file my_file-v6.txt (compact mmCIF, C-alpha atoms and all ligand atoms)
# COMPACT_ATOMS: atom_id res chain seq x y z
CA MET L 1 35.68 -37.03 -37.28
CA SER L 2 34.03 -39.57 -39.55
CA GLN L 3 36.05 -40.89 -42.46
CA ALA L 4 33.50 -39.44 -44.92
CA ARG L 5 33.83 -35.98 -43.33
CA ARG L 6 37.64 -36.17 -43.45
CA ARG L 7 37.54 -37.02 -47.16
CA GLN L 8 35.13 -34.13 -47.71
CA ARG L 9 37.51 -31.65 -45.96
CA PHE L 10 40.46 -32.94 -47.92
CA GLN L 11 38.59 -32.36 -51.17
CA ASP L 12 37.71 -28.80 -50.05
CA VAL L 13 41.36 -27.83 -49.84
CA PRO L 14 42.32 -26.21 -53.13
CA ALA L 15 45.07 -28.22 -54.85
CA ARG L 16 48.41 -26.56 -54.42
CA GLU L 17 49.73 -25.18 -57.70
CA PRO L 18 53.01 -26.85 -58.71
CA PRO L 19 55.89 -24.38 -58.56
CA PRO L 20 56.49 -22.65 -61.89
CA PRO L 21 59.41 -24.07 -63.88
CA PRO L 22 62.61 -22.09 -63.41
CA PRO L 23 63.24 -19.56 -66.18
CA PRO L 24 65.68 -20.76 -68.81
CA THR L 25 69.16 -19.81 -67.80
CA THR L 26 70.84 -17.35 -70.06
CA THR L 27 74.41 -17.61 -71.08
CA THR L 28 76.81 -15.14 -72.44
CA THR L 29 78.85 -17.86 -74.11
CA PRO L 30 78.49 -17.05 -77.82
CA SER L 31 80.50 -20.06 -78.92
CA VAL L 32 77.67 -22.51 -78.29
CA ALA L 33 76.47 -23.39 -81.79
CA VAL L 34 73.02 -24.31 -83.04
CA THR L 35 72.81 -27.89 -84.29
CA PRO L 36 73.73 -27.71 -87.96
CA THR L 37 70.96 -28.28 -90.48
CA HIS L 38 71.33 -31.43 -92.48
CA THR L 39 70.34 -32.40 -95.97
CA ILE L 40 68.81 -35.68 -97.03
CA ILE L 41 71.76 -36.43 -99.25
CA GLU L 42 74.41 -37.24 -96.68
CA ARG L 43 76.11 -39.99 -98.58
CA ILE L 44 79.79 -40.50 -97.94
CA ASP L 45 80.73 -39.48 -101.47
CA ALA L 46 78.69 -36.27 -101.12
CA LEU L 47 80.48 -35.39 -97.89
CA PHE L 48 83.78 -36.02 -99.60
CA TRP L 49 82.75 -33.79 -102.48
CA ARG L 50 81.73 -30.96 -100.21
CA ASN L 51 85.19 -30.84 -98.72
CA SER L 52 87.08 -31.25 -101.95
CA LYS L 53 88.04 -28.76 -104.63
CA ASN L 54 86.28 -30.76 -107.31
CA LYS L 55 84.53 -29.20 -110.25
CA LYS L 56 80.93 -28.13 -109.71
CA PHE L 57 78.29 -28.03 -112.41
CA THR L 58 75.32 -26.14 -113.80
CA VAL L 59 72.16 -28.24 -114.03
CA ALA L 60 68.73 -27.39 -115.45
CA VAL L 61 65.43 -29.13 -114.70
CA LEU L 62 62.91 -28.57 -117.52
CA GLY L 63 59.46 -29.19 -116.09
CA ALA L 64 60.56 -28.12 -112.62
CA ALA L 65 57.09 -27.21 -111.34
CA GLY L 66 55.59 -30.68 -111.78
CA GLY L 67 55.43 -33.55 -109.32
CA ILE L 68 58.75 -35.03 -110.35
CA GLY L 69 60.33 -31.65 -111.11
CA GLN L 70 59.75 -30.10 -107.69
CA THR L 71 60.96 -33.12 -105.73
CA LEU L 72 63.92 -33.59 -108.04
CA SER L 73 64.83 -29.93 -107.63
CA LEU L 74 64.69 -30.28 -103.84
CA LEU L 75 67.05 -33.24 -104.03
CA LEU L 76 69.40 -31.50 -106.44
CA LYS L 77 69.50 -28.39 -104.23
CA GLN L 78 71.24 -30.61 -101.71
CA SER L 79 73.91 -31.78 -104.11
CA PRO L 80 77.39 -30.49 -103.35
CA ARG L 81 78.25 -31.16 -107.00
CA ILE L 82 75.97 -28.40 -108.30
CA GLU L 83 76.86 -24.72 -108.23
CA SER L 84 73.93 -23.44 -110.26
CA LEU L 85 70.48 -25.01 -110.41
CA ARG L 86 68.11 -23.69 -113.07
CA LEU L 87 64.40 -24.42 -112.78
CA TYR L 88 62.38 -24.02 -115.96
CA ASP L 89 58.66 -24.55 -116.52
CA ILE L 90 55.70 -22.90 -118.22
CA ALA L 91 53.93 -22.66 -114.83
CA PRO L 92 54.06 -19.12 -113.35
CA ILE L 93 54.89 -20.58 -109.92
CA THR L 94 58.38 -21.59 -111.07
CA PRO L 95 60.32 -18.51 -109.84
CA GLY L 96 58.51 -18.98 -106.52
CA ILE L 97 59.71 -22.57 -106.30
CA ALA L 98 63.22 -21.28 -106.94
CA VAL L 99 62.91 -18.67 -104.16
CA ASP L 100 61.57 -21.35 -101.83
CA LEU L 101 64.52 -23.65 -102.57
CA SER L 102 66.99 -20.79 -102.38
CA HIS L 103 66.37 -20.56 -98.61
CA ILE L 104 67.94 -23.99 -98.12
CA ASN L 105 71.42 -23.47 -96.78
CA THR L 106 73.43 -25.33 -99.38
CA GLU L 107 75.93 -23.67 -101.65
CA SER L 108 74.22 -23.85 -105.02
CA GLU L 109 72.40 -20.86 -106.47
CA VAL L 110 68.85 -21.46 -107.70
CA ALA L 111 67.01 -19.47 -110.34
CA GLY L 112 63.56 -19.90 -111.87
CA TYR L 113 62.61 -19.34 -115.52
CA VAL L 114 59.10 -19.25 -116.99
CA GLY L 115 57.99 -19.88 -120.56
CA PRO L 116 59.76 -20.23 -123.91
CA ASP L 117 61.10 -16.64 -123.79
CA GLN L 118 63.23 -17.57 -120.79
CA LEU L 119 64.35 -21.00 -121.99
CA ARG L 120 67.55 -19.58 -123.42
CA ASN L 121 68.63 -18.08 -120.11
CA ALA L 122 67.77 -21.31 -118.34
CA LEU L 123 70.01 -23.33 -120.65
CA VAL L 124 73.07 -21.29 -121.55
CA GLY L 125 76.09 -22.78 -119.79
CA CYS L 126 74.37 -25.96 -118.61
CA ASP L 127 76.40 -29.16 -118.16
CA LEU L 128 73.39 -31.37 -117.56
CA VAL L 129 69.75 -30.88 -118.57
CA ILE L 130 67.07 -33.10 -117.06
CA ILE L 131 63.61 -33.26 -118.69
CA PRO L 132 60.67 -34.50 -116.61
CA ALA L 133 58.22 -32.16 -118.42
CA GLY L 134 54.93 -33.48 -119.73
CA ILE L 135 51.69 -35.06 -118.62
CA PRO L 136 51.44 -38.24 -116.54
CA ARG L 137 49.35 -41.36 -117.12
CA LYS L 138 45.89 -41.99 -115.70
CA PRO L 139 44.62 -45.52 -114.90
CA GLY L 140 44.01 -47.51 -118.07
CA MET L 141 46.55 -45.54 -120.13
CA SER L 142 49.82 -46.89 -121.52
CA ARG L 143 52.94 -44.73 -121.63
CA ASP L 144 52.49 -44.57 -125.38
CA ASP L 145 49.12 -42.83 -124.84
CA LEU L 146 51.17 -39.82 -123.64
CA PHE L 147 52.96 -39.54 -126.97
CA LYS L 148 50.52 -37.03 -128.49
CA ILE L 149 51.29 -34.37 -125.91
CA ASN L 150 54.72 -35.25 -124.55
CA ALA L 151 56.38 -35.78 -127.93
CA GLY L 152 55.95 -32.10 -128.84
CA ILE L 153 57.09 -30.95 -125.40
CA VAL L 154 60.31 -32.98 -125.58
CA ARG L 155 60.92 -31.85 -129.17
CA ASP L 156 60.60 -28.16 -128.27
CA LEU L 157 62.76 -28.41 -125.17
CA THR L 158 65.42 -30.34 -127.06
CA ILE L 159 65.49 -27.61 -129.72
CA GLY L 160 66.42 -25.29 -126.84
CA VAL L 161 69.18 -27.65 -125.74
CA ALA L 162 70.49 -27.89 -129.33
CA LYS L 163 70.57 -24.10 -129.64
CA TYR L 164 71.73 -22.96 -126.22
CA CYS L 165 73.76 -25.77 -124.61
CA PRO L 166 74.59 -28.28 -127.35
CA ASN L 167 77.38 -29.85 -125.27
CA ALA L 168 75.21 -30.62 -122.27
CA LEU L 169 74.27 -34.14 -121.21
CA LEU L 170 70.55 -34.78 -121.54
CA ASN L 171 68.58 -37.00 -119.12
CA ILE L 172 65.08 -37.66 -120.43
CA ILE L 173 62.36 -38.76 -118.01
CA SER L 174 59.26 -37.70 -120.01
CA ASN L 175 57.24 -40.66 -121.26
CA PRO L 176 57.09 -42.58 -123.48
CA VAL L 177 60.86 -42.75 -122.96
CA ASN L 178 61.16 -45.45 -125.64
CA SER L 179 60.05 -42.76 -128.15
CA THR L 180 61.06 -39.45 -126.54
CA VAL L 181 64.76 -40.35 -126.55
CA PRO L 182 64.70 -41.04 -130.33
CA ILE L 183 62.79 -37.73 -130.75
CA ALA L 184 65.49 -35.83 -128.88
CA VAL L 185 68.22 -37.52 -130.91
CA GLU L 186 66.53 -36.60 -134.21
CA VAL L 187 66.16 -32.98 -133.10
CA LEU L 188 69.83 -32.80 -132.11
CA LYS L 189 70.81 -34.33 -135.45
CA LYS L 190 68.81 -31.63 -137.27
CA TYR L 191 70.79 -28.97 -135.41
CA ASN L 192 74.13 -30.75 -135.91
CA ALA L 193 74.37 -31.12 -132.17
CA PHE L 194 74.03 -34.87 -131.79
CA ASP L 195 76.59 -36.81 -129.80
CA PRO L 196 75.37 -40.36 -128.97
CA ARG L 197 77.23 -40.21 -125.66
CA LYS L 198 75.12 -37.33 -124.40
CA VAL L 199 71.49 -38.44 -124.61
CA LEU L 200 70.21 -40.82 -121.93
CA GLY L 201 66.70 -42.06 -121.16
CA VAL L 202 66.29 -42.40 -117.41
CA THR L 203 65.45 -46.01 -116.51
CA LYS L 204 66.97 -45.98 -113.05
CA LEU L 205 63.57 -46.38 -111.38
CA ASP L 206 63.24 -49.82 -112.98
CA VAL L 207 66.52 -50.77 -111.32
CA MET L 208 65.37 -49.38 -107.97
CA ARG L 209 62.11 -51.29 -108.17
CA ALA L 210 63.87 -54.54 -109.11
CA VAL L 211 66.21 -54.16 -106.13
CA THR L 212 63.36 -53.31 -103.75
CA PHE L 213 61.16 -56.22 -104.80
CA VAL L 214 64.04 -58.73 -104.84
CA HIS L 215 65.06 -57.62 -101.36
CA GLY L 216 61.47 -58.03 -100.16
CA LEU L 217 61.42 -61.64 -101.37
CA ARG L 218 64.87 -62.67 -100.11
CA LYS L 219 65.23 -60.58 -96.96
CA ASP L 220 66.30 -63.48 -94.73
CA GLU L 221 69.04 -64.79 -96.98
CA LEU L 222 70.33 -61.28 -97.70
CA GLN L 223 70.42 -60.63 -93.97
CA ARG L 224 72.45 -63.80 -93.48
CA LEU L 225 74.82 -62.55 -96.21
CA ARG L 226 74.98 -59.22 -94.32
CA SER L 227 73.70 -57.45 -97.43
CA SER L 228 71.36 -54.53 -96.94
CA VAL L 229 68.98 -53.41 -99.67
CA SER L 230 71.56 -50.87 -100.83
CA ASP L 231 74.07 -53.67 -101.50
CA VAL L 232 71.75 -55.42 -103.95
CA THR L 233 72.17 -54.77 -107.68
CA VAL L 234 69.99 -55.95 -110.56
CA PRO L 235 70.61 -54.74 -114.13
CA VAL L 236 67.45 -53.85 -116.02
CA VAL L 237 67.76 -53.59 -119.80
CA GLY L 238 65.57 -53.07 -122.87
CA GLY L 239 63.32 -50.06 -122.55
CA HIS L 240 60.97 -48.31 -120.17
CA ALA L 241 57.47 -49.63 -120.90
CA GLY L 242 55.74 -52.91 -120.04
CA GLU L 243 57.47 -55.94 -121.49
CA THR L 244 60.38 -53.89 -122.80
CA ILE L 245 61.47 -53.55 -119.14
CA ILE L 246 63.72 -56.59 -118.77
CA PRO L 247 65.27 -57.31 -115.38
CA LEU L 248 68.30 -59.59 -115.65
CA LEU L 249 67.65 -61.34 -112.35
CA SER L 250 70.24 -64.01 -113.09
CA GLN L 251 72.88 -61.25 -112.85
CA MET L 252 71.69 -60.03 -109.48
CA MET L 253 74.37 -59.42 -106.87
CA PRO L 254 74.99 -60.80 -104.34
CA LYS L 255 74.39 -64.29 -105.66
CA LEU L 256 71.61 -66.15 -103.88
CA SER L 257 71.69 -69.84 -102.97
CA LYS L 258 68.23 -70.28 -104.54
CA PRO L 259 67.87 -68.24 -107.75
CA PHE L 260 64.46 -67.02 -108.87
CA GLU L 261 62.71 -69.52 -111.11
CA GLY L 262 59.33 -70.82 -112.19
CA SER L 263 56.24 -68.87 -111.13
CA GLU L 264 58.22 -66.83 -108.60
CA LEU L 265 60.50 -65.58 -111.40
CA GLN L 266 57.53 -64.88 -113.67
CA ASN L 267 55.59 -63.00 -110.97
CA LEU L 268 58.61 -60.96 -109.90
CA THR L 269 59.40 -60.02 -113.51
CA THR L 270 55.79 -59.01 -114.15
CA ARG L 271 55.70 -56.92 -110.98
CA ILE L 272 58.84 -55.03 -112.04
CA GLN L 273 57.41 -54.48 -115.52
CA ASN L 274 54.06 -53.24 -114.15
CA ALA L 275 55.40 -51.24 -111.22
CA GLY L 276 54.73 -47.87 -112.90
CA THR L 277 51.13 -48.95 -113.49
CA GLU L 278 50.91 -50.09 -109.86
CA VAL L 279 51.59 -46.47 -108.83
CA VAL L 280 49.29 -45.00 -111.50
CA ASP L 281 46.42 -47.22 -110.28
CA ALA L 282 47.14 -46.48 -106.61
CA LYS L 283 47.11 -42.74 -107.30
CA ALA L 284 43.72 -43.30 -108.95
CA GLY L 285 43.81 -40.58 -111.58
CA SER L 286 46.05 -38.07 -109.80
CA GLY L 287 49.26 -38.99 -111.58
CA SER L 288 52.10 -41.47 -111.70
CA ALA L 289 55.30 -42.04 -109.74
CA THR L 290 56.79 -38.69 -108.73
CA LEU L 291 58.72 -39.24 -105.49
CA SER L 292 60.49 -42.48 -106.37
CA MET L 293 61.05 -41.20 -109.91
CA ALA L 294 62.58 -37.99 -108.55
CA LEU L 295 65.04 -39.94 -106.40
CA ALA L 296 65.85 -42.24 -109.31
CA ALA L 297 66.47 -39.19 -111.51
CA GLU L 298 68.64 -37.58 -108.84
CA ASN L 299 70.69 -40.80 -108.62
CA MET L 300 71.11 -40.76 -112.38
CA ALA L 301 72.03 -37.07 -112.42
CA THR L 302 74.57 -37.60 -109.65
CA SER L 303 76.17 -40.44 -111.58
CA CYS L 304 76.31 -38.27 -114.72
CA LEU L 305 78.01 -35.49 -112.73
CA LYS L 306 80.45 -37.97 -111.22
CA GLY L 307 81.33 -39.09 -114.73
CA LEU L 308 81.70 -35.51 -115.97
CA ALA L 309 84.04 -34.84 -113.05
CA GLY L 310 86.26 -37.71 -114.15
CA GLU L 311 85.38 -40.27 -111.50
CA SER L 312 85.99 -43.81 -112.65
CA ASN L 313 83.76 -46.87 -112.60
CA VAL L 314 80.46 -45.03 -112.67
CA ILE L 315 77.99 -47.58 -114.06
CA GLU L 316 74.25 -47.10 -114.50
CA CYS L 317 71.49 -48.60 -116.62
CA ALA L 318 70.07 -46.15 -119.18
CA TYR L 319 68.23 -46.15 -122.50
CA VAL L 320 70.83 -44.97 -125.02
CA SER L 321 71.93 -45.11 -128.64
CA SER L 322 73.72 -48.39 -129.12
CA ASN L 323 74.31 -51.41 -131.29
CA VAL L 324 74.02 -53.96 -128.51
CA ILE L 325 70.97 -55.33 -130.33
CA PRO L 326 71.81 -54.96 -134.02
CA GLU L 327 68.16 -54.47 -135.02
CA LEU L 328 67.65 -51.54 -132.62
CA PRO L 329 69.31 -48.11 -132.60
CA PHE L 330 68.33 -47.62 -128.92
CA PHE L 331 68.39 -50.04 -126.03
CA ALA L 332 68.64 -49.75 -122.26
CA SER L 333 71.90 -51.29 -121.11
CA LYS L 334 74.53 -50.92 -118.47
CA VAL L 335 76.64 -47.92 -119.41
CA MET L 336 79.91 -46.56 -118.11
CA LEU L 337 79.72 -42.80 -117.54
CA GLY L 338 82.67 -40.47 -117.97
CA VAL L 339 83.76 -36.99 -118.93
CA ASN L 340 81.87 -37.16 -122.23
CA GLY L 341 78.76 -38.88 -120.92
CA VAL L 342 78.30 -42.49 -122.01
CA GLU L 343 81.88 -43.66 -122.53
CA LYS L 344 80.95 -47.31 -123.01
CA VAL L 345 77.80 -49.32 -123.53
CA LEU L 346 78.43 -52.62 -121.77
CA GLU L 347 77.61 -56.04 -123.20
CA LEU L 348 74.49 -57.72 -121.87
CA GLY L 349 76.52 -60.56 -120.34
CA THR L 350 75.46 -64.15 -119.82
CA MET L 351 71.69 -64.51 -119.74
CA THR L 352 69.24 -67.31 -119.09
CA SER L 353 67.01 -68.54 -121.91
CA PHE L 354 64.10 -66.80 -120.13
CA GLU L 355 65.95 -63.47 -120.33
CA GLU L 356 67.02 -64.00 -123.94
CA ARG L 357 63.42 -64.74 -124.85
CA MET L 358 62.21 -61.56 -123.16
CA ILE L 359 64.70 -59.53 -125.19
CA LYS L 360 63.63 -61.19 -128.42
CA ASN L 361 59.96 -60.58 -127.62
CA ALA L 362 60.59 -56.90 -126.79
CA ILE L 363 62.27 -56.08 -130.11
CA PRO L 364 59.11 -55.44 -132.20
CA ASP L 365 57.62 -53.17 -129.52
CA LEU L 366 60.86 -51.24 -129.10
CA ARG L 367 61.34 -50.92 -132.83
CA ALA L 368 57.79 -49.54 -133.26
CA SER L 369 58.28 -46.97 -130.45
CA ILE L 370 61.61 -45.86 -131.89
CA GLU L 371 60.24 -45.54 -135.42
CA LYS L 372 57.25 -43.57 -134.13
CA GLY L 373 59.55 -41.10 -132.37
CA VAL L 374 61.88 -40.75 -135.34
CA ALA L 375 58.97 -40.22 -137.78
CA PHE L 376 57.44 -37.57 -135.52
CA ALA L 377 60.70 -35.63 -135.16
CA ARG L 378 61.47 -35.81 -138.89
CA SER L 379 58.03 -34.61 -139.90
CA SER L 380 57.77 -31.70 -137.48
C1 LIG T 401 57.13 -44.97 -114.01
O1 LIG T 401 57.75 -45.96 -114.39
O2 LIG T 401 56.65 -44.89 -112.88
C2 LIG T 401 56.97 -43.82 -114.95
O3 LIG T 401 57.41 -44.16 -116.21
C3 LIG T 401 55.61 -43.24 -114.96
C4 LIG T 401 54.55 -44.17 -115.52
O4 LIG T 401 53.69 -43.68 -116.29
O5 LIG T 401 54.54 -45.35 -115.19

call {"tool": "encode", "arguments": {"input": "my_file-v6.txt", "output": "structure tokens", "more": "lines below"}}
Ligand code: LMR
result
Amino acid sequence: MSQARRRQRFQDVPAREPPPPPPPTTTTTPSVAVTPTHTIIERIDALFWRNSKNKKFTVAVLGAAGGIGQTLSLLLKQSPRIESLRLYDIAPITPGIAVDLSHINTESEVAGYVGPDQLRNALVGCDLVIIPAGIPRKPGMSRDDLFKINAGIVRDLTIGVAKYCPNALLNIISNPVNSTVPIAVEVLKKYNAFDPRKVLGVTKLDVMRAVTFVHGLRKDELQRLRSSVSDVTVPVVGGHAGETIIPLLSQMMPKLSKPFEGSELQNLTTRIQNAGTEVVDAKAGSGSATLSMALAAENMATSCLKGLAGESNVIECAYVSSNVIPELPFFASKVMLGVNGVEKVLELGTMTSFEERMIKNAIPDLRASIEKGVAFARSS
């Protein structure tokens, strides 16, 4: 038989079907468990908390249906420190978001509340209230351009806090933070519910950004020092807008053999100050930072809850009432958190002349933002 003929015959033979896979074996052993679900927050301290008899808290997110609010609520649903999570928004989807989150197998209860009529129920009994409500920036806008709309939103929500949970800690994310925190404070004063230890503007994202960018520039040395990005700390003080965001890079830990200086220092500082705008521009009209802001806010909330539970040495940067800068009633500084909220506002520490100059230059801008917030709250 010719070779060509043999090949032809071989191709005529239908390919033999591979044998079907064996059916899955069944077992009658009921003790074999499904792999447990896991949450994103699996930090060592969270695991410890889950197994301890520590106090658990009631937390409300006001503006829970927005980009920050939904992600923040997802993160908080995973917190073993929270027994009751209240989601409030004017958007009708809010109870649906709560139902969605309620299917996550963590211990906290979740409930959704819609509109001013339900604000009371959302707030009564809260230990911590977080406010991300409001509109975000579009390219070309400053945070102050949001004042017109967000100022009234923060005022109205803070009236709710003053009436229904005056002892709660307040974490304000809504921009312009440099003005919305003074607005909240004025509202609380009006209702005789102001305690300077309890109102904090969330600036944690500035710290996260500083750490991330510093790590990116000094990866090799940090690797040699066996420091991962989570070991790096950089205090960021001042406020939460443009040049009021002041990273104290000279106080970075761990100490580097070659500190930042010259154009590298200037460029790094500018990048940290403009990082929010970097996101706004990249999102091209669809909003500002939501995911990183949500994690920053969750970090801040967790630290506040740690403080409320009596843990020691809980230090964060936040924009708070203080006299660190005598000319300013509010300033972002390192704060020590405790059972009453901000137990101590820490000194700024030793700074370089570059850092001192940045603080001096930020004072007029901060003062104007504070006065604008105070005037708005007093006149409305
Ligand atoms: C941020 O820093 O990302 C936020 O304050 C949002 C913004 O408008 O930049």

call {"tool": "residues_near_ligand", "arguments": {"input": "my_file-v6.txt", "ligand": "ligand LIG 401 (chain T)", "cutoff": "7 Å", "atoms": "all atoms listed in the file", "output": "PDB file with C-alpha atoms, in the frame of the given file"}}
result
ATOM      1  CA  PRO L 136      51.440 -38.240-116.540  1.00  0.00           C
ATOM      2  CA  ARG L 137      49.350 -41.360-117.120  1.00  0.00           C
ATOM      3  CA  ARG L 143      52.940 -44.730-121.630  1.00  0.00           C
ATOM      4  CA  ASN L 175      57.240 -40.660-121.260  1.00  0.00           C
ATOM      5  CA  LEU L 205      63.570 -46.380-111.380  1.00  0.00           C
ATOM      6  CA  ASP L 206      63.240 -49.820-112.980  1.00  0.00           C
ATOM      7  CA  HIS L 240      60.970 -48.310-120.170  1.00  0.00           C
ATOM      8  CA  ALA L 275      55.400 -51.240-111.220  1.00  0.00           C
ATOM      9  CA  GLY L 276      54.730 -47.870-112.900  1.00  0.00           C
ATOM     10  CA  THR L 277      51.130 -48.950-113.490  1.00  0.00           C
ATOM     11  CA  VAL L 279      51.590 -46.470-108.830  1.00  0.00           C
ATOM     12  CA  VAL L 280      49.290 -45.000-111.500  1.00  0.00           C
ATOM     13  CA  SER L 288      52.100 -41.470-111.700  1.00  0.00           C
ATOM     14  CA  ALA L 289      55.300 -42.040-109.740  1.00  0.00           C
ATOM     15  CA  MET L 293      61.050 -41.200-109.910  1.00  0.00           C
TER      16      MET L 293
END

call {"tool": "closest_residue", "arguments": {"input": "my_file-v6.txt", "among": "L:Gln251, L:Ser257, L:Asn361, L:Asn340", "to": "L:Asp195", "atoms": "only C-alpha atoms"}}
result
L:Asn340

call {"tool": "closest_residue", "arguments": {"input": "my_file-v6.txt", "among": "L:Met336, L:Phe354, L:Ala297, L:Lys372", "to": "L:Glu261", "atoms": "all atoms listed in the file"}}
result
L:Phe354

call {"tool": "atom_distance", "arguments": {"input": "my_file-v6.txt", "atom1": "atom CA of L:Pro326", "atom2": "atom CA of L:Thr180"}}
result
20.3 Å

call {"tool": "residues_around", "arguments": {"input": "my_file-v6.txt", "residues": "L:Gly242", "least_positions_apart": "5", "cutoff": "12 Å", "atoms": "only C-alpha atoms", "output": "PyMOL selection string"}}
result
chain L and resi 141-144+176-178+206+247+269-278+358+361-362+365-366

call {"tool": "atom_distance", "arguments": {"input": "my_file-v6.txt", "atom1": "atom CA of L:Met351", "atom2": "atom CA of L:Ser321"}}
result
21.3 Å

call {"tool": "atom_distance", "arguments": {"input": "my_file-v6.txt", "atom1": "atom CA of L:Leu200", "atom2": "atom CA of L:Ile82"}}
result
19.3 Å

call {"tool": "residues_near_point", "arguments": {"input": "my_file-v6.txt", "point": "(74.8, -32.2, -106.6)", "cutoff": "10 Å", "atoms": "all atoms listed in the file", "output": "MDAnalysis selection string"}}
result
chainID L and resid 41 46 49:50 56:59 75:85 107:108 298:299 301:303 305:306
